[in-house]
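*Asks:* One structure coming up, written as structure tokens, with questions to follow.
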Amino acid sequence: MAFMLAAYGVIIVALLGYVLRLWLMERSYRRQMETLLGSESPR
Amino acid sequence: MASETFNEDGIGKGFLGRSRLLTGLGAVALISFVAALGAALFYAPTERTMGHAQRIFYFHVPSAWIAFLAFFVVCAASILVLWKGERKWDILAVSSAELGVLFATLVLITGPLWAKTAWGIWWVWDARLTATLVLWLIYVGYLMLRAYVEDPARRARLSAVLGIVGAADIPFIVLSVQWWRTQHPTLILTERGSLAPEMIQTLMLALLSFSLVYVYLLLRRVRVERAKDTLEALKRRRDRGGR
């Protein structure tokens, strides 16, 4: 039972962790893009 | 020329960017994953000899299937990188490679957890297990190679070669249980005395669910890589304008 729960736990945490990583990466890139585009606009 | 294609501004356009479609796919993938989890824990009967540990199988097998699928996609995309020299295939290859490594890692963690109960040991150096570890190492190497090579065109070409060569290990893993007497069990679905119908249904649901999760994560990863490309293109434009 403990091994089964460990296996399922690892899978769920890994997948959620990867989704979180993608979300953070995308948010970081989009924020940097907005900053760059914002600094360009007055010129 | 491949190098020109890889250095254009605004590269990577043309892949899915529709947010609503992706959110819908994510919702379907999540629902199917929860359904598969429920079926594995509550619907599938408890196996007589291994007990609850046998339930690891319902997520271990789909993880392996997705790892193989992901590395096959890397191989196909890598062929297109060498042939067409287009950045979009390189984006697909690296996105799928990352997912392949993720799912192969899950295979290599859940397998020993099952083996400790079934065999009494965590690991044996049999053909299938060793070849799976080698596959994982090859694609970890693929990601490391990409991290170390700075020139985009060179990085794409070198990693494409490794992406193609590495996939040659997949048929070896699949057929290893037939070629050699291995410790790893063979999956029998059709013959008498094989899995109970509820077990097969649960496995099929888990396979479908993991496939949907893979497609969703792949499209999300592709979108992230496109965003990175756009950001780099903007930085280059700013640097040119600042001079």
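Within each chain, counting starts at residue 1; across the structure tokens, chains are named A, B, ... in the order shown, with ligands numbered 1 upward in that order.
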Counting only C-alpha atoms, a student should be able to say which residues of chain A come within 7 Å of chain B; what is the right answer, written as a ChimeraX atom specification?
*Replies:* /A:1,3-4,7,11,22,25-26,29-30,33
*Asks:* To one decimal place, how far is CA of Leu135 in chain B from CA of Val74 in chain B in Å?
*Replies:*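 Calculated distance between CA of Leu135 in chain B and CA of Val74 in chain B is 12.7 Å.
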*Asks:* Would you mind reading off the distance between CA of Glu86 in chain B and CA of Leu20 in chain A, one decimal, in Å?
*Replies:*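 Answer for the CA of Glu86 in chain B to CA of Leu20 in chain A separation: 28.7 Å.
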*Asks:* One decimal, Å: what's the distance from CA of Trp125 in chain B over to CA of Ala6 in chain A, could you say?
*Replies:*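 Those two atoms sit 23.0 Å apart.
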*Asks:* Tell me, as a list in words, which residues lie within 12 Å of Ser19 in chain B, counting only C-alpha atoms; anything in the same chain fewer than 3 positions away does not count.
*Replies:*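 Residues near the query, excluding close chain neighbours: Phe15, Leu16, Leu22, Thr23, Gly24, Leu25, Gly26, Tyr216, Leu219, Arg220 and Arg223 of chain B.
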*Asks:* Give me every alpha helix (DSSP H) residue in chain B, going by DSSP on the backbone, as JSON, numbers by chain.
*Replies:* {"B": [2, 3, 4, 5, 6, 7, 19, 20, 21, 22, 23, 24, 25, 26, 27, 28, 29, 30, 31, 32, 33, 34, 35, 36, 37, 38, 57, 58, 59, 60, 61, 62, 63, 64, 65, 66, 67, 68, 69, 70, 71, 72, 73, 74, 75, 76, 77, 78, 79, 80, 81, 82, 83, 84, 87, 88, 89, 90, 91, 92, 93, 94, 95, 96, 97, 98, 99, 100, 101, 102, 103, 104, 105, 106, 107, 108, 109, 110, 111, 112, 113, 114, 115, 116, 117, 118, 127, 128, 129, 130, 131, 132, 133, 134, 135, 136, 137, 138, 139, 140, 141, 142, 143, 144, 145, 146, 147, 148, 152, 153, 154, 155, 156, 157, 158, 159, 160, 161, 162, 163, 164, 165, 166, 169, 170, 171, 172, 173, 174, 175, 176, 177, 178, 179, 197, 198, 199, 200, 201, 202, 203, 204, 205, 206, 207, 208, 209, 210, 211, 212, 213, 214, 215, 216, 217, 218, 219, 220, 221, 222, 223, 224, 225, 226, 227, 228, 229, 230, 231, 232, 233, 234, 235, 236, 237, 238, 239, 240, 241, 242]}
*Asks:* Give me the residues within 12 Å of Val177 in chain B as a PyMOL selection string, counting only C-alpha atoms and dropping any in the same chain fewer than 4 places off.
*Replies:* chain B and resi 126-131+171-173+181-187
*Asks:* Next, dump the selected residues to file, keeping only C-alpha atoms, as a PDB file, in the first residue's frame.
*Replies:*
```pdb
ATOM      1  CA  ASP B 126      18.165  -7.134 -17.093  1.00  0.00           C
ATOM      2  CA  ALA B 127      17.892  -6.098 -20.748  1.00  0.00           C
ATOM      3  CA  ARG B 128      14.703  -4.040 -20.523  1.00  0.00           C
ATOM      4  CA  LEU B 129      15.542  -2.147 -17.348  1.00  0.00           C
ATOM      5  CA  THR B 130      19.101  -1.416 -18.462  1.00  0.00           C
ATOM      6  CA  ALA B 131      18.006  -0.311 -21.942  1.00  0.00           C
ATOM      7  CA  PRO B 171      12.553  -0.926 -30.436  1.00  0.00           C
ATOM      8  CA  PHE B 172      15.379  -2.584 -28.475  1.00  0.00           C
ATOM      9  CA  ILE B 173      13.489  -1.942 -25.199  1.00  0.00           C
ATOM     10  CA  ARG B 181      14.810 -14.108 -20.846  1.00  0.00           C
ATOM     11  CA  THR B 182      14.310 -11.007 -18.733  1.00  0.00           C
ATOM     12  CA  GLN B 183      13.012 -10.426 -15.245  1.00  0.00           C
ATOM     13  CA  HIS B 184      10.602  -7.771 -16.535  1.00  0.00           C
ATOM     14  CA  PRO B 185       7.086  -9.182 -17.171  1.00  0.00           C
ATOM     15  CA  THR B 186       5.475  -9.188 -20.620  1.00  0.00           C
ATOM     16  CA  LEU B 187       2.064  -7.596 -20.935  1.00  0.00           C
TER      17      LEU B 187
END
```
